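What follows is a set of notes on a single structure, which appears directly below.
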Amino acid sequence: MNKKISKIYNNAKKYFGNLGWWPADSVFEIIIGAILTQNTSWKNVEKAIANLKEKRLIDPVKICKMRLTELSVVIRPAGCHNIKAKRLKEISRFIVAECAGVYSKLQKRSIGKLRGQLLNVSGVGPETADSILLYAFGKPVFVVDAYTKRVFYRHGLIQESAEYDEIQVLVHENFPRDTKSLNQLHALLVEIAKKFCKKNLPLCAECPLKGLLVRN
């Protein structure tokens, strides 16, 4: 059992406290956020979601009926708006076809089945699928992102070349596999990476993980 993940978690949690991710008013809003956050900051996602809310478009049926060009304009703040508009329509079609907005139908499906179905939706990769599984449907899966890779690599948990599934398995086998803990771990790693374990000029001397560092 690798205990370093728990040490990282405990040190980060002591510093940041409970972060309570993901901020949203509904399941579908979380799903929208998971699509829009691809390759952009959360601040930009918030602007796009605010636009959708203003036009009362947090609804898969309405998004399915919209013209692609119209949807693209609404979500422009999120960047890559033409591509993301297509992806929003694809995930909306999936939701309408599979559960007609009754999300409990999807929540009852096994992790493997639902993950496979999400990955078959155009524009949904492992990170997006797992974000939807964890945050929208409360499934105990760990979300791996660039922040996770950076923190784990610098603290000797993975090789720089480690693949998504390899990192996810490492966490699943060495950390409590419950939704609350995995939610918190992911959120803490993101905050550590943003505030201390930066891509360039990391603030190691000030970091809550000081003393656990292996690689610079």
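Ordered as shown in the structure tokens, chains take letters A, B, and onward, while each chain numbers its residues from 1 and ligands are numbered from 1 in the order shown.
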
Residues of chain A in alpha helix (DSSP H) according to DSSP, as number ranges by chain?
-> A: 4-16, 27-36, 42-54, 60-65, 68-74, 81-99, 104-107, 111-119, 126-131, 146-154, 164-174, 179-195

Write out as a ChimeraX atom specification which residues come within 7 Å of stretch 201-215 of chain A when counting only C-alpha atoms, dropping same-chain ones fewer than 6 positions away.
-> /A:8,11-12,15,154-156

Do a neighbour search on A:Gly33 at 8 Å with only C-alpha atoms, toss out local chain neighbours closer than 3 positions, and write the hits as an mmCIF file with N, CA and C atoms, in the first residue's frame.
```cif
data_model
loop_
_atom_site.group_PDB
_atom_site.id
_atom_site.type_symbol
_atom_site.label_atom_id
_atom_site.label_comp_id
_atom_site.auth_asym_id
_atom_site.auth_seq_id
_atom_site.Cartn_x
_atom_site.Cartn_y
_atom_site.Cartn_z
ATOM 1 N N GLU A 29 -26.174 20.673 -15.316
ATOM 2 C CA GLU A 29 -25.215 21.782 -15.261
ATOM 3 C C GLU A 29 -23.796 21.253 -15.036
ATOM 4 N N ILE A 30 -23.666 20.214 -14.207
ATOM 5 C CA ILE A 30 -22.365 19.587 -13.991
ATOM 6 C C ILE A 30 -21.857 18.980 -15.295
ATOM 7 N N LEU A 36 -17.496 21.981 -21.075
ATOM 8 C CA LEU A 36 -16.973 23.325 -21.327
ATOM 9 C C LEU A 36 -15.595 23.565 -20.721
ATOM 10 N N THR A 37 -15.256 22.858 -19.653
ATOM 11 C CA THR A 37 -13.986 23.111 -18.972
ATOM 12 C C THR A 37 -12.786 22.533 -19.711
ATOM 13 N N VAL A 45 -15.637 29.129 -18.003
ATOM 14 C CA VAL A 45 -16.786 28.216 -17.980
ATOM 15 C C VAL A 45 -17.959 28.869 -17.263
ATOM 16 N N ILE A 49 -21.715 29.334 -18.687
ATOM 17 C CA ILE A 49 -22.875 28.768 -17.995
ATOM 18 C C ILE A 49 -23.857 29.865 -17.596
#
```

Could you name the residues that touch stretch 157-169 of chain A at 8 Å or less, counting only C-alpha atoms, but leaving out those on the same chain fewer than 6 positions away, as a list of chain:residue names?
->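 Using only C-alpha atoms, the neighbours found are A:Lys4, A:Pro126, A:Phe142, A:Val143, A:Val144, A:Lys149.
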
Keeping only C-alpha atoms, write those residues as a PDB file, in the first residue's frame.
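Here's the written file again10.pdb:
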```pdb
ATOM      1  CA  LYS A   4       2.161   8.902   0.080  1.00  0.00           C
ATOM      2  CA  PRO A 126     -11.579   9.682 -20.060  1.00  0.00           C
ATOM      3  CA  PHE A 142     -10.803   9.257  -9.602  1.00  0.00           C
ATOM      4  CA  VAL A 143     -10.448  12.021 -12.184  1.00  0.00           C
ATOM      5  CA  VAL A 144      -6.929  12.347 -13.587  1.00  0.00           C
ATOM      6  CA  LYS A 149       0.090  14.285 -13.159  1.00  0.00           C
TER       7      LYS A 149
END
```

Pick from A:Ile111, A:Val190, A:Ala85, A:Leu118 nearest to A:Asp145, counting only C-alpha atoms = A:Val190

Near stretch 61-65 of chain A, within 9 Å and counting only C-alpha atoms, which residues show up once chain neighbours fewer than 5 positions away are dropped, as a count of residues only?
-> 11

Mind checking which residues fall within 8 Å of A:Val151, counting only C-alpha atoms, ignoring those fewer than 6 positions away in the same chain, and posting them as a PyMOL selection string?
-> chain A and resi 189+192-193+197

Output N, CA and C atoms for every residue in the selection just made, as a PDB file, in the first residue's frame.
```
ATOM      1  N   LEU A 189      -5.766  18.392  -5.145  1.00  0.00           N
ATOM      2  CA  LEU A 189      -4.627  18.348  -6.074  1.00  0.00           C
ATOM      3  C   LEU A 189      -4.669  19.524  -7.041  1.00  0.00           C
ATOM      4  N   ILE A 192      -3.551  22.601  -5.040  1.00  0.00           N
ATOM      5  CA  ILE A 192      -2.103  22.537  -4.795  1.00  0.00           C
ATOM      6  C   ILE A 192      -1.333  22.940  -6.050  1.00  0.00           C
ATOM      7  N   ALA A 193      -1.759  22.385  -7.193  1.00  0.00           N
ATOM      8  CA  ALA A 193      -1.056  22.657  -8.450  1.00  0.00           C
ATOM      9  C   ALA A 193      -1.195  24.113  -8.876  1.00  0.00           C
ATOM     10  N   CYS A 197       2.302  24.113  -6.719  1.00  0.00           N
ATOM     11  CA  CYS A 197       3.037  23.221  -7.617  1.00  0.00           C
ATOM     12  C   CYS A 197       2.831  23.671  -9.067  1.00  0.00           C
TER      13      CYS A 197
END
```

Contacts of A:Asn174 at 9 Å (only C-alpha atoms; same-chain gap of 3+ positions) as a tab-separated table (two decimals) with C-alpha atoms, in the first residue's frame:
```
chain	number	residue	atom	x	y	z
A	1	MET	CA	0.00	0.00	0.00
A	2	ASN	CA	1.46	3.35	-1.07
A	3	LYS	CA	0.89	5.76	1.82
A	4	LYS	CA	2.16	8.90	0.08
A	5	ILE	CA	-1.19	9.65	-1.57
A	6	SER	CA	-2.80	9.74	1.87
A	169	VAL	CA	-5.47	2.56	-10.93
A	170	LEU	CA	-2.70	3.79	-8.61
A	171	VAL	CA	-5.22	5.94	-6.74
A	177	ARG	CA	-12.50	4.42	-2.97
```

Residue nearest A:Leu68 - candidates A:Asn82, A:Ser26, A:Ser181, A:Ser131, atoms counted: only C-alpha atoms |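 Closest residue, counting only C-alpha atoms: A:Asn82.
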